[in-house]
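Everything below belongs to input_19.cif, which stores mmCIF, C-alpha atoms.
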data_entry
#
loop_
_atom_site.group_PDB
_atom_site.id
_atom_site.type_symbol
_atom_site.label_atom_id
_atom_site.label_comp_id
_atom_site.auth_asym_id
_atom_site.auth_seq_id
_atom_site.Cartn_x
_atom_site.Cartn_y
_atom_site.Cartn_z
ATOM 1 C CA ASP R 287 -6.440 -24.154 38.209
ATOM 2 C CA THR R 288 -8.644 -25.021 35.255
ATOM 3 C CA GLY R 289 -8.039 -21.938 33.126
ATOM 4 C CA VAL R 290 -6.017 -21.568 29.939
ATOM 5 C CA SER R 291 -2.310 -21.957 30.563
ATOM 6 C CA GLN R 292 0.621 -20.888 28.410
ATOM 7 C CA ASP R 293 4.264 -21.810 28.546
ATOM 8 C CA PRO R 294 6.699 -20.170 28.792
ATOM 9 C CA ARG R 295 5.473 -16.889 30.230
ATOM 10 C CA HIS R 296 8.557 -15.077 28.978
ATOM 11 C CA LYS R 297 11.004 -15.878 26.209
ATOM 12 C CA ILE R 298 14.089 -13.954 25.201
ATOM 13 C CA THR R 299 15.804 -15.042 22.030
ATOM 14 C CA LYS R 300 18.312 -13.815 19.503
ATOM 15 C CA ARG R 301 17.302 -12.788 16.017
ATOM 16 C CA GLY R 302 17.264 -15.736 13.664
ATOM 17 C CA GLN R 303 16.447 -18.367 16.276
ATOM 18 C CA ASN R 304 13.294 -20.476 16.248
ATOM 19 C CA VAL R 305 10.866 -20.351 19.156
ATOM 20 C CA THR R 306 7.884 -22.492 20.111
ATOM 21 C CA PHE R 307 5.111 -21.615 22.522
ATOM 22 C CA ARG R 308 2.603 -23.977 24.091
ATOM 23 C CA CYS R 309 -1.037 -23.406 25.013
ATOM 24 C CA ASP R 310 -3.183 -25.730 27.111
ATOM 25 C CA PRO R 311 -6.856 -24.804 26.751
ATOM 26 C CA ILE R 312 -9.670 -25.452 29.182
ATOM 27 C CA SER R 313 -10.191 -29.187 28.909
ATOM 28 C CA GLU R 314 -13.674 -29.350 27.402
ATOM 29 C CA HIS R 315 -13.099 -26.492 24.956
ATOM 30 C CA ASN R 316 -12.945 -27.509 21.322
ATOM 31 C CA ARG R 317 -11.914 -24.155 19.875
ATOM 32 C CA LEU R 318 -8.484 -22.664 20.345
ATOM 33 C CA TYR R 319 -7.259 -19.258 19.147
ATOM 34 C CA TRP R 320 -3.908 -17.527 18.885
ATOM 35 C CA TYR R 321 -3.540 -13.732 19.039
ATOM 36 C CA ARG R 322 -0.601 -11.373 19.041
ATOM 37 C CA GLN R 323 -0.499 -8.128 20.983
ATOM 38 C CA THR R 324 2.064 -5.364 20.556
ATOM 39 C CA LEU R 325 2.532 -2.501 22.945
ATOM 40 C CA GLY R 326 -0.410 -0.125 23.090
ATOM 41 C CA GLN R 327 -2.545 -2.170 20.712
ATOM 42 C CA GLY R 328 -5.382 -4.586 21.195
ATOM 43 C CA PRO R 329 -4.819 -8.275 20.481
ATOM 44 C CA GLU R 330 -4.603 -9.227 16.800
ATOM 45 C CA PHE R 331 -6.046 -12.541 15.645
ATOM 46 C CA LEU R 332 -3.596 -15.003 14.062
ATOM 47 C CA THR R 333 -5.258 -18.395 13.682
ATOM 48 C CA TYR R 334 -7.793 -20.763 15.174
ATOM 49 C CA PHE R 335 -8.560 -24.464 15.530
ATOM 50 C CA GLN R 336 -11.721 -26.409 15.974
ATOM 51 C CA ASN R 337 -10.592 -29.657 17.541
ATOM 52 C CA GLU R 338 -7.466 -30.584 15.577
ATOM 53 C CA ALA R 339 -8.474 -28.807 12.368
ATOM 54 C CA GLN R 340 -6.925 -25.437 11.640
ATOM 55 C CA LEU R 341 -9.865 -23.582 10.116
ATOM 56 C CA GLU R 342 -8.339 -20.158 9.663
ATOM 57 C CA LYS R 343 -4.706 -19.386 9.083
ATOM 58 C CA SER R 344 -4.697 -16.617 6.530
ATOM 59 C CA ARG R 345 -4.028 -14.088 9.274
ATOM 60 C CA LEU R 346 -0.720 -15.639 10.259
ATOM 61 C CA LEU R 347 1.775 -12.874 9.764
ATOM 62 C CA SER R 348 4.153 -14.686 7.454
ATOM 63 C CA ASP R 349 5.211 -18.170 6.455
ATOM 64 C CA ARG R 350 7.615 -18.106 9.384
ATOM 65 C CA PHE R 351 4.605 -18.563 11.667
ATOM 66 C CA SER R 352 2.932 -21.933 12.051
ATOM 67 C CA ALA R 353 0.587 -23.530 14.556
ATOM 68 C CA GLU R 354 -0.484 -27.056 15.356
ATOM 69 C CA ARG R 355 -3.025 -28.785 17.535
ATOM 70 C CA PRO R 356 -2.238 -32.410 16.805
ATOM 71 C CA LYS R 357 -4.686 -34.174 19.105
ATOM 72 C CA GLY R 358 -7.244 -31.474 19.544
ATOM 73 C CA SER R 359 -5.990 -30.611 23.002
ATOM 74 C CA PHE R 360 -2.877 -28.463 23.493
ATOM 75 C CA SER R 361 -1.509 -26.275 20.706
ATOM 76 C CA THR R 362 1.879 -24.955 19.743
ATOM 77 C CA LEU R 363 2.812 -21.780 17.896
ATOM 78 C CA GLU R 364 6.212 -21.744 16.230
ATOM 79 C CA ILE R 365 8.051 -18.763 14.843
ATOM 80 C CA GLN R 366 11.032 -19.580 12.668
ATOM 81 C CA ARG R 367 13.964 -17.240 12.035
ATOM 82 C CA THR R 368 12.696 -14.686 14.516
ATOM 83 C CA GLU R 369 12.985 -10.984 13.772
ATOM 84 C CA GLN R 370 12.976 -8.055 16.155
ATOM 85 C CA GLY R 371 9.508 -7.132 14.891
ATOM 86 C CA ASP R 372 8.203 -10.404 16.278
ATOM 87 C CA SER R 373 8.639 -9.072 19.807
ATOM 88 C CA ALA R 374 5.164 -9.061 21.295
ATOM 89 C CA MET R 375 2.790 -10.819 23.667
ATOM 90 C CA TYR R 376 1.345 -14.011 22.197
ATOM 91 C CA LEU R 377 -2.043 -14.869 23.635
ATOM 92 C CA CYS R 378 -3.985 -18.083 23.459
ATOM 93 C CA ALA R 379 -7.721 -18.374 24.034
ATOM 94 C CA SER R 380 -10.175 -21.243 24.061
ATOM 95 C CA SER R 381 -13.921 -21.548 23.793
ATOM 96 C CA PHE R 382 -16.665 -24.131 23.529
ATOM 97 C CA LEU R 383 -18.787 -24.369 20.425
ATOM 98 C CA GLY R 384 -22.372 -23.681 21.379
ATOM 99 C CA ASN R 385 -21.621 -21.227 24.168
ATOM 100 C CA LEU R 386 -21.827 -18.045 22.077
ATOM 101 C CA ASP R 387 -18.091 -18.524 21.727
ATOM 102 C CA GLU R 388 -17.091 -16.747 24.908
ATOM 103 C CA GLN R 389 -13.324 -16.875 24.708
ATOM 104 C CA PHE R 390 -11.169 -17.482 27.764
ATOM 105 C CA PHE R 391 -7.650 -16.127 27.459
ATOM 106 C CA GLY R 392 -4.428 -17.369 28.924
ATOM 107 C CA PRO R 393 -1.833 -15.083 30.535
ATOM 108 C CA GLY R 394 0.229 -14.894 27.366
ATOM 109 C CA THR R 395 3.852 -15.485 26.400
ATOM 110 C CA ARG R 396 5.948 -12.363 26.132
ATOM 111 C CA LEU R 397 8.576 -12.720 23.406
ATOM 112 C CA THR R 398 11.590 -10.452 23.204
ATOM 113 C CA VAL R 399 13.834 -10.795 20.161
ATOM 114 C CA LEU R 400 17.249 -9.210 20.584
ATOM 115 C CA ASP F 294 -10.331 -3.197 11.360
ATOM 116 C CA ALA F 295 -12.383 -2.784 14.496
ATOM 117 C CA LYS F 296 -15.998 -1.796 13.861
ATOM 118 C CA THR F 297 -16.248 0.099 17.120
ATOM 119 C CA THR F 298 -15.178 3.501 18.408
ATOM 120 C CA GLN F 299 -14.312 4.080 22.050
ATOM 121 C CA PRO F 300 -12.762 6.954 23.984
ATOM 122 C CA THR F 301 -9.065 6.484 24.561
ATOM 123 C CA SER F 302 -9.209 6.913 28.321
ATOM 124 C CA MET F 303 -11.512 7.655 31.234
ATOM 125 C CA ASP F 304 -11.183 8.232 34.959
ATOM 126 C CA CYS F 305 -13.632 7.155 37.613
ATOM 127 C CA ALA F 306 -13.692 7.687 41.357
ATOM 128 C CA GLU F 307 -13.621 4.550 43.460
ATOM 129 C CA GLY F 308 -17.113 3.514 44.519
ATOM 130 C CA ARG F 309 -18.818 5.434 41.744
ATOM 131 C CA ALA F 310 -20.353 3.973 38.609
ATOM 132 C CA ALA F 311 -18.103 3.758 35.575
ATOM 133 C CA ASN F 312 -19.954 4.260 32.288
ATOM 134 C CA LEU F 313 -17.938 3.253 29.242
ATOM 135 C CA PRO F 314 -19.445 4.196 25.878
ATOM 136 C CA CYS F 315 -19.001 2.462 22.556
ATOM 137 C CA ASN F 316 -20.170 3.409 19.088
ATOM 138 C CA HIS F 317 -20.887 0.659 16.552
ATOM 139 C CA SER F 318 -22.959 2.408 13.931
ATOM 140 C CA THR F 319 -22.340 -0.229 11.235
ATOM 141 C CA ILE F 320 -23.396 -3.197 13.343
ATOM 142 C CA SER F 321 -25.270 -5.891 11.447
ATOM 143 C CA GLY F 322 -28.477 -7.518 12.584
ATOM 144 C CA ASN F 323 -26.798 -10.781 13.549
ATOM 145 C CA GLU F 324 -23.850 -9.228 15.365
ATOM 146 C CA TYR F 325 -23.584 -9.184 19.125
ATOM 147 C CA VAL F 326 -21.830 -6.600 21.242
ATOM 148 C CA TYR F 327 -19.117 -8.148 23.421
ATOM 149 C CA TRP F 328 -17.089 -6.484 26.147
ATOM 150 C CA TYR F 329 -13.723 -7.713 27.351
ATOM 151 C CA ARG F 330 -11.219 -6.106 29.666
ATOM 152 C CA GLN F 331 -7.486 -6.522 30.068
ATOM 153 C CA ILE F 332 -5.780 -5.841 33.329
ATOM 154 C CA HIS F 333 -2.101 -5.000 33.040
ATOM 155 C CA SER F 334 0.089 -7.997 32.147
ATOM 156 C CA GLN F 335 -2.867 -10.372 31.916
ATOM 157 C CA GLY F 336 -4.894 -11.815 29.037
ATOM 158 C CA PRO F 337 -8.248 -10.283 28.179
ATOM 159 C CA GLN F 338 -11.205 -11.317 30.316
ATOM 160 C CA TYR F 339 -14.768 -11.682 29.070
ATOM 161 C CA ILE F 340 -17.240 -9.379 30.798
ATOM 162 C CA ILE F 341 -20.614 -9.489 29.074
ATOM 163 C CA HIS F 342 -22.322 -9.597 25.710
ATOM 164 C CA GLY F 343 -25.721 -8.725 24.266
ATOM 165 C CA LEU F 344 -27.722 -8.566 21.071
ATOM 166 C CA LYS F 345 -30.412 -5.953 21.603
ATOM 167 C CA ASN F 346 -31.747 -6.289 25.109
ATOM 168 C CA ASN F 347 -30.001 -4.853 28.120
ATOM 169 C CA GLU F 348 -27.977 -7.435 29.992
ATOM 170 C CA THR F 349 -26.680 -7.679 33.542
ATOM 171 C CA ASN F 350 -24.378 -10.114 35.260
ATOM 172 C CA GLU F 351 -22.282 -10.150 38.398
ATOM 173 C CA MET F 352 -19.603 -8.006 36.795
ATOM 174 C CA ALA F 353 -21.453 -5.338 34.841
ATOM 175 C CA SER F 354 -24.508 -4.126 32.966
ATOM 176 C CA LEU F 355 -24.736 -3.590 29.235
ATOM 177 C CA ILE F 356 -27.115 -1.019 27.846
ATOM 178 C CA ILE F 357 -27.695 -1.169 24.078
ATOM 179 C CA THR F 358 -29.587 1.621 22.354
ATOM 180 C CA GLU F 359 -32.761 0.754 20.503
ATOM 181 C CA ASP F 360 -31.135 1.337 17.106
ATOM 182 C CA ARG F 361 -28.158 -0.780 18.285
ATOM 183 C CA LYS F 362 -25.693 1.799 17.039
ATOM 184 C CA SER F 363 -24.151 2.363 20.433
ATOM 185 C CA SER F 364 -23.884 0.790 23.845
ATOM 186 C CA THR F 365 -22.647 1.531 27.346
ATOM 187 C CA LEU F 366 -20.906 -0.790 29.757
ATOM 188 C CA ILE F 367 -21.672 0.070 33.358
ATOM 189 C CA LEU F 368 -19.569 -0.992 36.316
ATOM 190 C CA PRO F 369 -21.927 -0.025 39.131
ATOM 191 C CA HIS F 370 -19.395 0.426 41.930
ATOM 192 C CA ALA F 371 -15.910 0.709 40.484
ATOM 193 C CA THR F 372 -12.974 -0.488 42.565
ATOM 194 C CA LEU F 373 -9.249 -0.046 42.076
ATOM 195 C CA ARG F 374 -9.126 -3.582 40.679
ATOM 196 C CA ASP F 375 -11.334 -2.458 37.784
ATOM 197 C CA THR F 376 -8.476 -0.365 36.399
ATOM 198 C CA ALA F 377 -7.923 -1.916 32.979
ATOM 199 C CA VAL F 378 -8.317 -1.477 29.239
ATOM 200 C CA TYR F 379 -11.908 -2.185 28.197
ATOM 201 C CA TYR F 380 -12.618 -3.439 24.691
ATOM 202 C CA CYS F 381 -15.972 -3.241 22.917
ATOM 203 C CA ILE F 382 -16.268 -5.738 20.053
ATOM 204 C CA VAL F 383 -19.050 -6.555 17.614
ATOM 205 C CA ARG F 384 -19.150 -10.051 16.225
ATOM 206 C CA VAL F 385 -21.466 -12.723 14.952
ATOM 207 C CA ALA F 386 -21.984 -15.096 17.850
ATOM 208 C CA ASN F 387 -20.829 -18.685 17.727
ATOM 209 C CA SER F 388 -18.810 -18.286 14.570
ATOM 210 C CA GLY F 389 -15.239 -19.194 15.273
ATOM 211 C CA ASN F 390 -14.083 -18.114 11.860
ATOM 212 C CA THR F 391 -15.060 -14.569 12.664
ATOM 213 C CA PRO F 392 -12.422 -13.705 15.212
ATOM 214 C CA LEU F 393 -12.585 -11.157 17.959
ATOM 215 C CA VAL F 394 -11.368 -7.907 16.391
ATOM 216 C CA PHE F 395 -9.944 -5.711 19.120
ATOM 217 C CA GLY F 396 -9.518 -1.976 18.742
ATOM 218 C CA LYS F 397 -7.399 0.033 21.143
ATOM 219 C CA GLY F 398 -10.107 0.079 23.791
ATOM 220 C CA THR F 399 -10.691 2.523 26.635
ATOM 221 C CA ARG F 400 -8.157 2.735 29.413
ATOM 222 C CA LEU F 401 -10.170 3.111 32.611
ATOM 223 C CA SER F 402 -8.355 4.442 35.645
ATOM 224 C CA VAL F 403 -10.195 4.070 38.942
ATOM 225 C CA ILE F 404 -8.938 6.651 41.380
ATOM 226 C CA ALA F 405 -9.058 6.352 45.153
#
Could I get this structure in the form of structure tokens?
Amino acid sequence: DTGVSQDPRHKITKRGQNVTFRCDPISEHNRLYWYRQTLGQGPEFLTYFQNEAQLEKSRLLSDRFSAERPKGSFSTLEIQRTEQGDSAMYLCASSFLGNLDEQFFGPGTRLTVL
Amino acid sequence: DAKTTQPTSMDCAEGRAANLPCNHSTISGNEYVYWYRQIHSQGPQYIIHGLKNNETNEMASLIITEDRKSSTLILPHATLRDTAVYYCIVRVANSGNTPLVFGKGTRLSVIA
């Protein structure tokens, strides 16, 4: 399968714990996006990378959220000191510059904070 | 905030055409209309996009009015697998720092 993959698919954690999610984009895609989706809402943009550079991060929800894409391939999204309000689906998407930026989404990681 | 307005939900009989409207009265000249859909428990899936001409691909057709203030996504022969939330998004193409801004979309139910 050559689509966007995310790991884990589900994560249950206790309030106050740190969690890290991984996204593997389509291999030739140089742009990578993170979104969050809560129940009944459309996805909400968090941050994006072009290659290894994080070009937009002002939409990250708080300083507890951080993302990396160290070698311009896979990316990680970390949430520190999780809160119950962080419970949501976290979606990753990738695209290729020059292709009208059609974004391909992964299946998401569903986070539940108890 | 999303720059589009869509009905909350629609039903369509299986085998019939599903016509999903979208209003985007404040669209700018360099903004495209994109459509994505999200089947339950999956990530959104790109369907089609257009600037001002009507577009067709293997999944759907996109009809954009001449003034570009509204558009309609047409699924010509809806199947049960087309049941999903459909999102209409306006965005400058090829500009990664202008993210996809999703509204609540239209929940399409295809009924047997």
I'd like a table as JSON lines: residues in chain R with an atom no more than 12 Å from chain F, each row giving the shortest atom pair and its distance in Å to one decimal, all atoms listed in the file counted, sorted by chain and rising residue number.
{"residue": "R:Gly289", "atom": "CA", "partner": "F:Gly336", "partner_atom": "CA", "distance": 11.4}
{"residue": "R:Val290", "atom": "CA", "partner": "F:Gly336", "partner_atom": "CA", "distance": 9.9}
{"residue": "R:Ser291", "atom": "CA", "partner": "F:Gly336", "partner_atom": "CA", "distance": 10.6}
{"residue": "R:Gln292", "atom": "CA", "partner": "F:Gly336", "partner_atom": "CA", "distance": 10.6}
{"residue": "R:Arg295", "atom": "CA", "partner": "F:Ser334", "partner_atom": "CA", "distance": 10.6}
{"residue": "R:His296", "atom": "CA", "partner": "F:Ser334", "partner_atom": "CA", "distance": 11.5}
{"residue": "R:Asn316", "atom": "CA", "partner": "F:Gly389", "partner_atom": "CA", "distance": 10.5}
{"residue": "R:Arg317", "atom": "CA", "partner": "F:Gly389", "partner_atom": "CA", "distance": 7.5}
{"residue": "R:Leu318", "atom": "CA", "partner": "F:Gly389", "partner_atom": "CA", "distance": 9.1}
{"residue": "R:Tyr319", "atom": "CA", "partner": "F:Pro392", "partner_atom": "CA", "distance": 8.5}
{"residue": "R:Trp320", "atom": "CA", "partner": "F:Pro392", "partner_atom": "CA", "distance": 10.0}
{"residue": "R:Tyr321", "atom": "CA", "partner": "F:Leu393", "partner_atom": "CA", "distance": 9.5}
{"residue": "R:Arg322", "atom": "CA", "partner": "F:Gly336", "partner_atom": "CA", "distance": 10.9}
{"residue": "R:Gln323", "atom": "CA", "partner": "F:Gly336", "partner_atom": "CA", "distance": 9.9}
{"residue": "R:Thr324", "atom": "CA", "partner": "F:Lys397", "partner_atom": "CA", "distance": 10.9}
{"residue": "R:Leu325", "atom": "CA", "partner": "F:Lys397", "partner_atom": "CA", "distance": 10.4}
{"residue": "R:Gly326", "atom": "CA", "partner": "F:Lys397", "partner_atom": "CA", "distance": 7.3}
{"residue": "R:Gln327", "atom": "CA", "partner": "F:Lys397", "partner_atom": "CA", "distance": 5.3}
{"residue": "R:Gly328", "atom": "CA", "partner": "F:Lys397", "partner_atom": "CA", "distance": 5.0}
{"residue": "R:Pro329", "atom": "CA", "partner": "F:Phe395", "partner_atom": "CA", "distance": 5.9}
{"residue": "R:Glu330", "atom": "CA", "partner": "F:Phe395", "partner_atom": "CA", "distance": 6.8}
{"residue": "R:Phe331", "atom": "CA", "partner": "F:Pro392", "partner_atom": "CA", "distance": 6.5}
{"residue": "R:Leu332", "atom": "CA", "partner": "F:Pro392", "partner_atom": "CA", "distance": 9.0}
{"residue": "R:Thr333", "atom": "CA", "partner": "F:Pro392", "partner_atom": "CA", "distance": 8.7}
{"residue": "R:Tyr334", "atom": "CA", "partner": "F:Asn390", "partner_atom": "CA", "distance": 7.6}
{"residue": "R:Phe335", "atom": "CA", "partner": "F:Gly389", "partner_atom": "CA", "distance": 8.5}
{"residue": "R:Gln336", "atom": "CA", "partner": "F:Gly389", "partner_atom": "CA", "distance": 8.1}
{"residue": "R:Asn337", "atom": "CA", "partner": "F:Gly389", "partner_atom": "CA", "distance": 11.7}
{"residue": "R:Gln340", "atom": "CA", "partner": "F:Asn390", "partner_atom": "CA", "distance": 10.2}
{"residue": "R:Leu341", "atom": "CA", "partner": "F:Asn390", "partner_atom": "CA", "distance": 7.1}
{"residue": "R:Glu342", "atom": "CA", "partner": "F:Asn390", "partner_atom": "CA", "distance": 6.5}
{"residue": "R:Lys343", "atom": "CA", "partner": "F:Asn390", "partner_atom": "CA", "distance": 9.9}
{"residue": "R:Ser344", "atom": "CA", "partner": "F:Asn390", "partner_atom": "CA", "distance": 10.9}
{"residue": "R:Arg345", "atom": "CA", "partner": "F:Pro392", "partner_atom": "CA", "distance": 10.3}
{"residue": "R:Met375", "atom": "CA", "partner": "F:Ser334", "partner_atom": "CA", "distance": 9.3}
{"residue": "R:Tyr376", "atom": "CA", "partner": "F:Gly336", "partner_atom": "CA", "distance": 9.5}
{"residue": "R:Leu377", "atom": "CA", "partner": "F:Gly336", "partner_atom": "CA", "distance": 6.8}
{"residue": "R:Cys378", "atom": "CA", "partner": "F:Gly336", "partner_atom": "CA", "distance": 8.4}
{"residue": "R:Ala379", "atom": "CA", "partner": "F:Gly336", "partner_atom": "CA", "distance": 8.7}
{"residue": "R:Ser380", "atom": "CA", "partner": "F:Gly389", "partner_atom": "CA", "distance": 10.3}
{"residue": "R:Ser381", "atom": "CA", "partner": "F:Gly389", "partner_atom": "CA", "distance": 8.9}
{"residue": "R:Phe382", "atom": "CA", "partner": "F:Asn387", "partner_atom": "CA", "distance": 9.0}
{"residue": "R:Leu383", "atom": "CA", "partner": "F:Asn387", "partner_atom": "CA", "distance": 6.6}
{"residue": "R:Gly384", "atom": "CA", "partner": "F:Asn387", "partner_atom": "CA", "distance": 6.4}
{"residue": "R:Asn385", "atom": "CA", "partner": "F:Asn387", "partner_atom": "CA", "distance": 7.0}
{"residue": "R:Leu386", "atom": "CA", "partner": "F:Asn387", "partner_atom": "CA", "distance": 4.5}
{"residue": "R:Asp387", "atom": "CA", "partner": "F:Asn387", "partner_atom": "CA", "distance": 4.9}
{"residue": "R:Glu388", "atom": "CA", "partner": "F:Tyr339", "partner_atom": "CA", "distance": 7.0}
{"residue": "R:Gln389", "atom": "CA", "partner": "F:Tyr339", "partner_atom": "CA", "distance": 6.9}
{"residue": "R:Phe390", "atom": "CA", "partner": "F:Gln338", "partner_atom": "CA", "distance": 6.7}
{"residue": "R:Phe391", "atom": "CA", "partner": "F:Gly336", "partner_atom": "CA", "distance": 5.4}
{"residue": "R:Gly392", "atom": "CA", "partner": "F:Gly336", "partner_atom": "CA", "distance": 5.6}
{"residue": "R:Pro393", "atom": "CA", "partner": "F:Gly336", "partner_atom": "CA", "distance": 4.7}
{"residue": "R:Gly394", "atom": "CA", "partner": "F:Gly336", "partner_atom": "CA", "distance": 6.2}
{"residue": "R:Thr395", "atom": "CA", "partner": "F:Gly336", "partner_atom": "CA", "distance": 9.8}
{"residue": "R:Arg396", "atom": "CA", "partner": "F:Ser334", "partner_atom": "CA", "distance": 9.5}
Spatial neighbours of segment 353-368 of chain F, max dist 6 Å, only C-alpha atoms, sep filter under 2 positions, as a VMD selection string: chain F and resid 310 to 318 347 to 350 370 to 371
Long-range neighbours of Ala377 of chain F as a PyMOL selection string, 9 Å cut-off, only C-alpha atoms, 6 positions minimum in chain: chain F and resi 330-333+399-403
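Interatomic distance, atom CA of Leu347 of chain R against atom CA of Gln366 of chain R: 11.8 Å.
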Atomic separation - atom CA of Lys300 of chain R relative to atom CA of Glu354 of chain R, Å: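 Separating atom CA of Glu354 of chain R from atom CA of Lys300 of chain R is a distance of 23.4 Å.
For the pair atom CA of Val305 of chain R and atom CA of Ser373 of chain R, the separation is 11.5 Å.
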